[in-house]
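Printed here is coords14.txt (compact mmCIF, C-alpha atoms):
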```txt
# COMPACT_ATOMS: atom_id res chain seq x y z
CA MET V 1 97.13 66.03 93.48
CA GLY V 2 95.85 64.29 90.43
CA VAL V 3 96.04 65.37 86.86
CA ARG V 4 93.89 68.39 86.20
CA ARG V 5 92.19 68.17 82.88
CA ARG V 6 92.19 71.45 81.11
CA THR V 7 88.88 71.07 79.40
CA GLY V 8 86.27 73.74 79.64
CA GLY V 9 86.80 77.45 79.74
CA PHE V 10 86.53 80.55 81.81
CA TYR V 11 84.87 83.93 81.71
CA LEU V 12 86.44 87.11 82.98
CA ARG V 13 83.51 88.99 84.44
CA VAL V 14 83.34 92.62 85.51
CA ASN V 15 81.00 94.08 88.10
CA PRO V 16 80.00 97.33 86.38
CA ILE V 17 78.86 98.92 89.64
CA LEU V 18 82.23 98.52 91.30
CA CYS V 19 84.22 99.44 88.20
CA ASP V 20 85.58 102.98 88.16
CA GLY V 21 87.48 102.71 84.91
CA PHE V 22 91.05 102.58 86.18
CA GLY V 23 92.06 100.67 83.08
CA HIS V 24 94.43 98.30 84.86
CA CYS V 25 92.64 95.24 83.48
CA HIS V 26 93.24 96.36 79.91
CA GLU V 27 96.91 96.78 80.62
CA LEU V 28 97.23 93.48 82.44
CA ALA V 29 95.04 91.29 80.22
CA PRO V 30 95.06 92.94 76.80
CA GLU V 31 94.00 89.74 75.07
CA LEU V 32 90.76 89.61 77.05
CA VAL V 33 89.86 93.21 77.85
CA ASN V 34 89.32 96.06 75.47
CA MET V 35 88.52 99.65 76.43
CA ASP V 36 85.59 101.74 75.38
CA GLU V 37 85.98 105.43 74.64
CA TRP V 38 85.61 106.42 78.29
CA GLY V 39 88.05 103.94 79.72
CA TYR V 40 85.66 101.23 80.84
CA PRO V 41 86.35 97.61 79.98
CA ILE V 42 84.75 95.68 77.19
CA ILE V 43 85.33 92.03 77.90
CA GLU V 44 85.25 89.10 75.56
CA LYS V 45 81.75 87.59 75.70
CA GLU V 46 82.60 84.03 74.73
CA PRO V 47 84.35 81.80 77.25
CA THR V 48 88.07 81.42 76.75
CA PRO V 49 89.31 77.83 76.76
CA LEU V 50 91.36 76.91 79.80
CA SER V 51 94.00 75.52 77.50
CA GLU V 52 95.02 79.10 76.76
CA LEU V 53 97.23 79.31 79.80
CA ALA V 54 98.62 82.73 79.00
CA ALA V 55 95.13 84.18 78.83
CA LEU V 56 94.22 82.56 82.15
CA GLU V 57 97.34 83.96 83.75
CA SER V 58 96.60 87.42 82.39
CA ALA V 59 93.08 87.16 83.74
CA ARG V 60 94.43 86.27 87.19
CA TYR V 61 96.75 89.25 87.08
CA ALA V 62 93.86 91.48 86.07
CA VAL V 63 91.73 90.21 88.97
CA ARG V 64 94.60 90.79 91.38
CA GLY V 65 95.44 94.19 89.93
CA CYS V 66 91.96 95.68 89.88
CA PRO V 67 91.88 98.57 92.37
CA ARG V 68 88.14 98.11 92.89
CA GLN V 69 88.00 94.31 93.08
CA ALA V 70 85.49 94.46 90.25
CA LEU V 71 86.74 91.45 88.30
CA ARG V 72 86.30 87.76 88.84
CA ILE V 73 86.98 84.58 86.95
CA GLU V 74 84.13 82.18 86.33
CA ARG V 75 84.89 78.68 85.20
CA VAL V 76 82.61 76.73 82.92
CA SER V 77 82.95 72.99 82.52
CA GLU V 78 81.53 72.78 79.03
CA ALA V 79 84.22 73.25 76.42
CA MET X 1 113.12 90.94 128.94
CA ILE X 2 116.09 91.17 126.69
CA ALA X 3 117.96 94.37 127.27
CA LEU X 4 120.86 95.03 124.98
CA THR X 5 123.27 97.82 125.62
CA THR X 6 125.09 98.20 122.33
CA PRO X 7 124.69 101.71 120.88
CA TYR X 8 124.22 100.30 117.39
CA LEU X 9 120.64 99.30 118.23
CA TRP X 10 119.88 102.92 118.98
CA TYR X 11 121.55 104.06 115.76
CA THR X 12 119.54 101.43 113.85
CA THR X 13 116.34 102.75 115.43
CA ARG X 14 117.08 106.27 114.29
CA ALA X 15 118.18 105.27 110.80
CA THR X 16 115.31 102.85 110.10
CA GLY X 17 112.82 105.39 111.41
CA MET X 18 114.07 107.94 108.91
CA VAL X 19 114.10 105.43 106.04
CA ALA X 20 110.62 104.20 106.94
CA LEU X 21 109.32 107.77 106.88
CA ILE X 22 110.78 108.36 103.41
CA LEU X 23 109.40 105.05 102.15
CA PHE X 24 105.94 105.76 103.50
CA THR X 25 106.05 109.15 101.81
CA LEU X 26 106.69 107.30 98.58
CA VAL X 27 103.91 104.82 99.29
CA VAL X 28 101.33 107.52 99.99
CA SER X 29 102.37 109.55 96.96
CA LEU X 30 102.30 106.54 94.64
CA GLY X 31 98.92 105.50 96.00
CA THR X 32 97.64 108.95 95.14
CA LEU X 33 99.07 108.62 91.65
CA VAL X 34 97.06 105.41 91.25
CA ALA X 35 93.89 107.04 92.53
CA ASN X 36 94.32 110.02 90.21
CA ARG X 37 94.86 107.76 87.19
CA VAL X 38 98.43 108.72 86.49
CA GLY X 39 100.13 106.61 83.86
CA GLY X 40 98.99 105.00 80.68
CA THR X 41 101.28 106.80 78.28
CA VAL X 42 104.89 106.37 79.41
CA VAL X 43 104.42 103.92 82.26
CA GLY X 44 101.42 101.69 82.70
CA ARG X 45 98.91 102.49 85.40
CA PHE X 46 99.23 98.99 86.76
CA GLU X 47 102.97 99.54 87.11
CA VAL X 48 102.38 102.50 89.41
CA ASN X 49 100.05 100.30 91.43
CA GLU X 50 102.60 97.49 91.63
CA LEU X 51 105.27 99.95 92.75
CA HIS X 52 102.89 101.24 95.43
CA ARG X 53 102.33 97.70 96.70
CA SER X 54 105.96 96.62 96.56
CA ILE X 55 107.34 99.69 98.28
CA SER X 56 104.72 99.35 101.00
CA ILE X 57 106.12 95.90 101.84
CA VAL X 58 109.66 97.30 102.09
CA ALA X 59 108.37 100.16 104.22
CA MET X 60 106.66 97.70 106.57
CA VAL X 61 109.95 95.81 106.96
CA PHE X 62 111.74 99.01 107.93
CA LEU X 63 108.93 99.98 110.29
CA VAL X 64 109.08 96.60 112.06
CA LEU X 65 112.87 96.95 112.32
CA HIS X 66 112.43 100.45 113.74
CA ILE X 67 109.97 99.27 116.39
CA THR X 68 111.87 96.10 117.28
CA THR X 69 115.20 97.84 117.77
CA THR X 70 113.54 100.55 119.85
CA VAL X 71 111.91 98.05 122.17
CA VAL X 72 114.91 95.74 122.44
CA ASP X 73 117.35 98.55 123.09
CA SER X 74 117.85 99.35 126.76
CA TYR X 75 118.67 103.02 126.18
CA ALA X 76 115.06 104.19 125.84
CA PRO X 77 112.71 102.67 128.44
CA THR X 78 109.84 101.65 126.19
CA GLY X 79 108.04 98.32 126.33
CA TRP X 80 106.53 96.00 123.76
CA LEU X 81 103.09 97.30 124.65
CA SER X 82 104.06 100.88 123.86
CA ALA X 83 104.38 99.95 120.19
CA ILE X 84 100.63 99.36 120.01
CA ILE X 85 99.06 101.03 123.04
CA PRO X 86 99.39 104.83 123.26
CA PHE X 87 100.84 106.37 126.42
CA ALA X 88 102.32 103.05 127.57
CA SER X 89 105.86 104.31 127.26
CA LYS X 90 107.82 106.02 130.00
CA TYR X 91 110.20 107.44 127.40
CA ARG X 92 108.91 110.54 125.54
CA THR X 93 105.35 109.50 126.33
CA VAL X 94 103.45 111.77 123.95
CA GLY X 95 105.72 111.27 120.94
CA VAL X 96 105.79 107.48 121.29
CA ALA X 97 102.00 107.52 121.81
CA ILE X 98 101.52 109.29 118.48
CA GLY X 99 103.86 106.76 116.91
CA ALA X 100 101.77 103.94 118.36
CA VAL X 101 98.63 105.50 116.84
CA ALA X 102 100.38 105.70 113.48
CA PHE X 103 101.49 102.08 113.74
CA ASP X 104 97.98 100.91 114.62
CA LEU X 105 96.50 102.73 111.65
CA ILE X 106 99.21 101.41 109.33
CA LEU X 107 98.55 97.89 110.62
CA ALA X 108 94.85 98.29 109.86
CA VAL X 109 95.56 99.50 106.33
CA TRP X 110 98.14 96.79 105.77
CA ILE X 111 96.06 93.87 107.04
CA SER X 112 92.97 95.01 105.17
CA SER X 113 95.06 95.18 102.01
CA LEU X 114 96.49 91.71 102.58
CA LEU X 115 92.93 90.43 102.96
CA LYS X 116 91.70 92.56 100.08
CA VAL X 117 90.01 89.65 98.35
CA ARG X 118 88.04 88.82 101.50
CA VAL X 119 87.18 92.38 102.53
CA LYS X 120 84.33 94.25 100.93
CA ASN X 121 85.76 96.89 98.62
CA GLU X 122 83.91 99.76 100.29
CA SER X 123 85.32 98.78 103.67
CA TRP X 124 88.80 98.46 102.20
CA ARG X 125 88.54 101.96 100.76
CA LEU X 126 87.28 103.38 104.04
CA ILE X 127 90.19 101.81 105.90
CA HIS X 128 92.59 102.99 103.23
CA TRP X 129 91.48 106.61 103.79
CA PHE X 130 93.01 106.34 107.27
CA SER X 131 96.46 106.20 105.74
CA TRP X 132 96.36 109.99 105.53
CA LEU X 133 95.84 110.13 109.29
CA ALA X 134 98.51 107.50 109.76
CA PHE X 135 101.01 109.51 107.77
CA SER X 136 100.21 112.72 109.63
CA SER X 137 100.75 110.89 112.91
CA ALA X 138 104.01 109.48 111.59
CA ILE X 139 105.27 112.94 110.69
CA LEU X 140 104.29 114.27 114.12
CA HIS X 141 105.96 111.27 115.75
CA ALA X 142 109.11 111.85 113.73
CA TYR X 143 109.25 115.49 114.72
CA LEU X 144 108.40 115.03 118.40
CA THR X 145 110.37 111.88 119.13
CA GLY X 146 113.16 111.95 116.61
CA THR X 147 116.64 112.59 117.90
CA ASP X 148 117.90 113.77 114.52
CA THR X 149 114.86 115.70 113.39
CA LYS X 150 115.24 118.83 115.46
CA ASP X 151 117.64 120.55 113.07
CA GLY X 152 119.85 120.08 110.06
CA VAL X 153 119.38 117.32 107.51
CA GLY X 154 116.91 115.36 109.62
CA LEU X 155 114.54 118.30 109.93
CA ALA X 156 114.91 118.99 106.21
CA VAL X 157 113.99 115.39 105.37
CA VAL X 158 110.92 115.42 107.62
CA ALA X 159 109.82 118.77 106.22
CA ALA X 160 110.30 117.53 102.65
CA CYS X 161 108.24 114.39 103.37
CA ALA X 162 105.48 116.45 104.97
CA LEU X 163 105.47 118.92 102.09
CA CYS X 164 105.44 116.11 99.51
CA VAL X 165 102.41 114.42 101.05
CA PHE X 166 100.67 117.75 101.65
CA VAL X 167 101.00 118.67 97.98
CA THR X 168 99.86 115.17 97.06
CA ALA X 169 96.80 115.46 99.28
CA LEU X 170 95.96 118.86 97.82
CA TRP X 171 96.26 117.48 94.32
CA ARG X 172 94.16 114.45 95.26
CA TYR X 173 91.47 116.81 96.53
CA LEU X 174 91.54 119.22 93.60
CA ALA X 175 91.96 116.76 90.72
CA ARG X 176 90.04 113.78 91.99
CA PRO X 177 88.40 111.77 89.27
CA ALA X 178 85.33 110.13 90.70
CA ARG X 179 84.98 107.90 87.68
CA ALA X 180 86.94 107.03 84.62
CA ALA X 181 89.36 109.71 83.52
CA GLY X 182 89.87 108.67 79.97
CA ARG X 183 91.34 105.52 78.63
CA THR X 184 94.82 104.28 79.15
CA ALA X 185 96.66 104.31 75.87
CA LEU X 186 99.37 101.93 76.87
CA SER X 187 99.32 98.21 77.17
CA PRO X 188 102.98 97.22 77.36
CA LEU X 189 102.00 93.61 77.90
CA ALA X 190 100.18 93.59 74.58
CA ALA X 191 103.35 94.67 72.86
CA ALA X 192 105.35 92.06 74.78
CA LYS X 193 102.95 89.33 73.77
CA GLY X 194 102.80 90.52 70.19
CA LEU X 195 99.08 91.10 70.30
CA ALA X 196 97.73 93.37 67.63
CA THR X 197 94.36 93.98 69.20
CA PRO X 198 92.39 92.38 72.00
CA ARG X 199 90.47 89.30 71.00
CA ALA X 200 87.23 91.10 71.64
CA THR X 201 87.73 93.11 68.50
CA GLN X 202 89.49 90.42 66.53
CA SER X 203 86.64 87.94 66.70
CA GLY X 204 84.07 90.47 65.61
CA HIS X 205 86.11 92.59 63.25
CA ALA X 206 88.83 90.97 61.26
CA SER X 207 89.60 94.27 59.59
CA ALA X 208 90.43 95.95 62.88
CA SER X 209 93.55 93.90 63.48
CA SER X 210 96.60 95.81 62.36
CA PRO X 211 100.02 94.16 62.21
CA SER X 212 101.78 96.74 64.38
CA ALA X 213 100.25 97.18 67.81
CA PHE X 214 101.66 100.60 68.62
CA PRO X 215 102.70 102.76 65.73
CA ARG X 216 104.85 105.31 67.50
CA SER X 217 105.72 107.62 64.63
CA PRO X 218 103.08 110.19 63.73
CA ASP X 219 102.90 109.24 60.08
CA ALA X 220 102.35 105.60 60.96
CA ARG X 221 99.60 106.70 63.31
CA ALA X 222 98.06 108.84 60.61
CA LYS X 223 98.24 105.91 58.23
CA SER X 224 96.45 103.62 60.62
CA ARG X 225 93.83 106.27 61.21
CA HIS X 226 93.42 106.62 57.51
CA ALA X 227 93.05 102.88 57.12
CA SER X 228 89.99 102.79 59.35
CA PRO X 229 88.14 106.07 58.93
CA ASP X 230 85.11 104.96 60.90
CA THR X 231 86.90 104.67 64.25
CA PRO X 232 86.03 107.72 66.35
CA SER X 233 89.13 107.71 68.57
CA SER X 234 92.58 108.77 67.53
CA PHE X 235 94.20 105.85 69.30
CA PRO X 236 95.79 103.37 66.97
CA HIS X 237 94.27 100.32 68.64
CA SER X 238 90.86 101.80 69.14
CA PRO X 239 87.96 99.58 70.12
CA ALA X 240 85.40 98.16 67.79
CA PRO X 241 83.28 100.70 65.97
CA ARG X 242 80.19 101.50 67.94
CA ARG X 243 77.81 100.47 65.22
CA SER X 244 78.87 96.88 65.66
CA LYS X 245 76.13 94.38 66.34
CA ARG X 246 77.53 93.20 69.64
CA TYR X 247 77.66 96.52 71.44
CA ARG X 248 74.41 98.01 70.21
```

How would this structure read if it were set down as structure tokens?
Amino acid sequence: MGVRRRTGGFYLRVNPILCDGFGHCHELAPELVNMDEWGYPIIEKEPTPLSELAALESARYAVRGCPRQALRIERVSEA
Amino acid sequence: MIALTTPYLWYTTRATGMVALILFTLVVSLGTLVANRVGGTVVGRFEVNELHRSISIVAMVFLVLHITTTVVDSYAPTGWLSAIIPFASKYRTVGVAIGAVAFDLILAVWISSLLKVRVKNESWRLIHWFSWLAFSSAILHAYLTGTDTKDGVGLAVVAACALCVFVTALWRYLARPARAAGRTALSPLAAAKGLATPRATQSGHASASSPSAFPRSPDARAKSRHASPDTPSSFPHSPAPRRSKRYR
């Protein structure tokens, strides 16, 4: 495996139809996900740079921990 | 076919069966806690979910041990097929058949959860509903087949497991939240990472970031509420005010 350049960023995206407001994503990725008054996620609109490894790891945990599989990570090449 | 005659295999069968039943009681109860949105104040909701997942793995290990030792042991004439196919066992045919049904259902739930990323979420939920049936079959199997469950401590354990899951099911039915049941107040990871507020609010509202993430004492909470009078919620790290440009 070659060197992976950590340029570009990623979005954490939520499918609002699948989401039932369990709130696990806010607990697992607090730097990316905020809650609205009813317990649904408000997610950072701008892409997060991939160089923020902790944020990427949190996002992966949030995707894995979602009970409704409503989250996904989208990569963008442009930094 | 390997046929072993040591009595310890039979004792292992009985013991692992009992332990597996207790563990699956825990798994079903914890899964119900997740579905009913328990947690968020003292323990995180995701922690309940992780416990549910972890204990289910341990329970599967004990279940596989239980089945393997039963089949390998020469005392009870069952076969490998009787673990999966109902009524394939010569030994206590009906009880082992119900156990096979329970094992099949548990396998379905387990495999669909392992492939959760690949399975459509609706299908996963439908399969997961069958865990109630699986647990009922397991209780029946324990009562009908179990050597130790006819009286004494064994019967008490089985009855306690059945009662626990029955109460859980009742509570699941009566208190089911179809949608969000309020926000979770706790983000222990935020405290561990030293985050004041999520970035979503920080980028838009510099004033919303407070130095202490979770003011535990009531006067500190009152102070933080006083500092930002326009936040509608009483939570210290409340989201951005609704009149913000981004969320309009």

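Residue nearest chain X, chosen from V:Val14, V:Cys66, V:Ile73, V:Leu50 and counting only C-alpha atoms: V:Cys66.
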
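Closest to chain X among V:Thr48, V:Asn34, V:Asn15, V:Ser77 is V:Asn34, based on all atoms listed in the file.
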
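Between CA of Asn36 in chain X and CA of Ala59 in chain V there is a distance of 23.8 Å.
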
Once you count all atoms listed in the file, what closest atom pair and distance in Å to one decimal does each residue of chain V within 7 Å of chain X have, with rows by chain and rising residue number, as CSV?
```
residue,atom,partner,partner_atom,distance
V:Asp20,CA,X:Arg179,CA,5.0
V:Gly21,CA,X:Ala180,CA,4.4
V:Phe22,CA,X:Ala180,CA,6.3
V:Gly23,CA,X:Thr184,CA,6.0
V:His24,CA,X:Phe46,CA,5.2
V:His26,CA,X:Ser187,CA,6.9
V:Glu27,CA,X:Ser187,CA,4.4
V:Leu28,CA,X:Leu189,CA,6.6
V:Pro30,CA,X:Pro198,CA,5.5
V:Glu31,CA,X:Pro198,CA,4.4
V:Leu32,CA,X:Pro198,CA,6.0
V:Val33,CA,X:Pro198,CA,6.4
V:Asn34,CA,X:Pro198,CA,5.9
V:Met35,CA,X:Pro239,CA,6.3
V:Asp36,CA,X:Pro239,CA,6.2
V:Glu37,CA,X:Arg183,CA,6.7
V:Trp38,CA,X:Gly182,CA,5.1
V:Gly39,CA,X:Arg183,CA,3.8
V:Ile43,CA,X:Ala200,CA,6.6
V:Glu44,CA,X:Ala200,CA,4.8
V:Gly65,CA,X:Phe46,CA,6.9
V:Arg68,CA,X:Asn121,CA,6.3
V:Gln69,CA,X:Asn121,CA,6.5
```

As a ChimeraX atom specification, please: the residues near Tyr11 in chain V (cut-off 8 Å, all atoms listed in the file, same-chain neighbours under 4 positions excluded). /V:45-48,73-76

Straight-line distance linking CA of Arg14 in chain X with CA of Ser74 in chain X, stated in Å to one decimal: 14.3 Å

Between V:Cys19, V:Leu12, V:Ala62, V:Ala70, smallest distance to Tyr40 in chain V by only C-alpha atoms belongs to V:Cys19

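Counting from CA of Val165 in chain X, the distance to CA of Val27 in chain X is 9.9 Å.
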
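The environment of range 129-135 of chain X within 7 Å, counting all atoms listed in the file and disregarding residues fewer than 3 places along the same chain, consists of Ala102, Leu105, Ile106, Val109, Arg125, Leu126, Ala138 and Ile139 of chain X.
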
Show me, as JSON, the centre and edge lengths in Å to one decimal of the axis-aligned box that covers every listed atom of range 46-49 of chain V with 4 Å on each side.
```
{"center_x": 86.0, "center_y": 80.9, "center_z": 76.0, "size_x": 14.7, "size_y": 14.2, "size_z": 10.5}
```

I'd like the contact shell of Pro7 in chain X - 12 Å cut-off, all atoms listed in the file, skipping same-chain residues fewer than 5 positions apart - returned as a VMD selection string. chain X and resid 12 to 14 69 to 70 72 to 76

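Of the listed residues X:Ala97, X:Ile67, X:Cys164, X:Leu81, the one whose atoms come nearest to Ala15 in chain X is X:Ile67, with distances taken using only C-alpha atoms.
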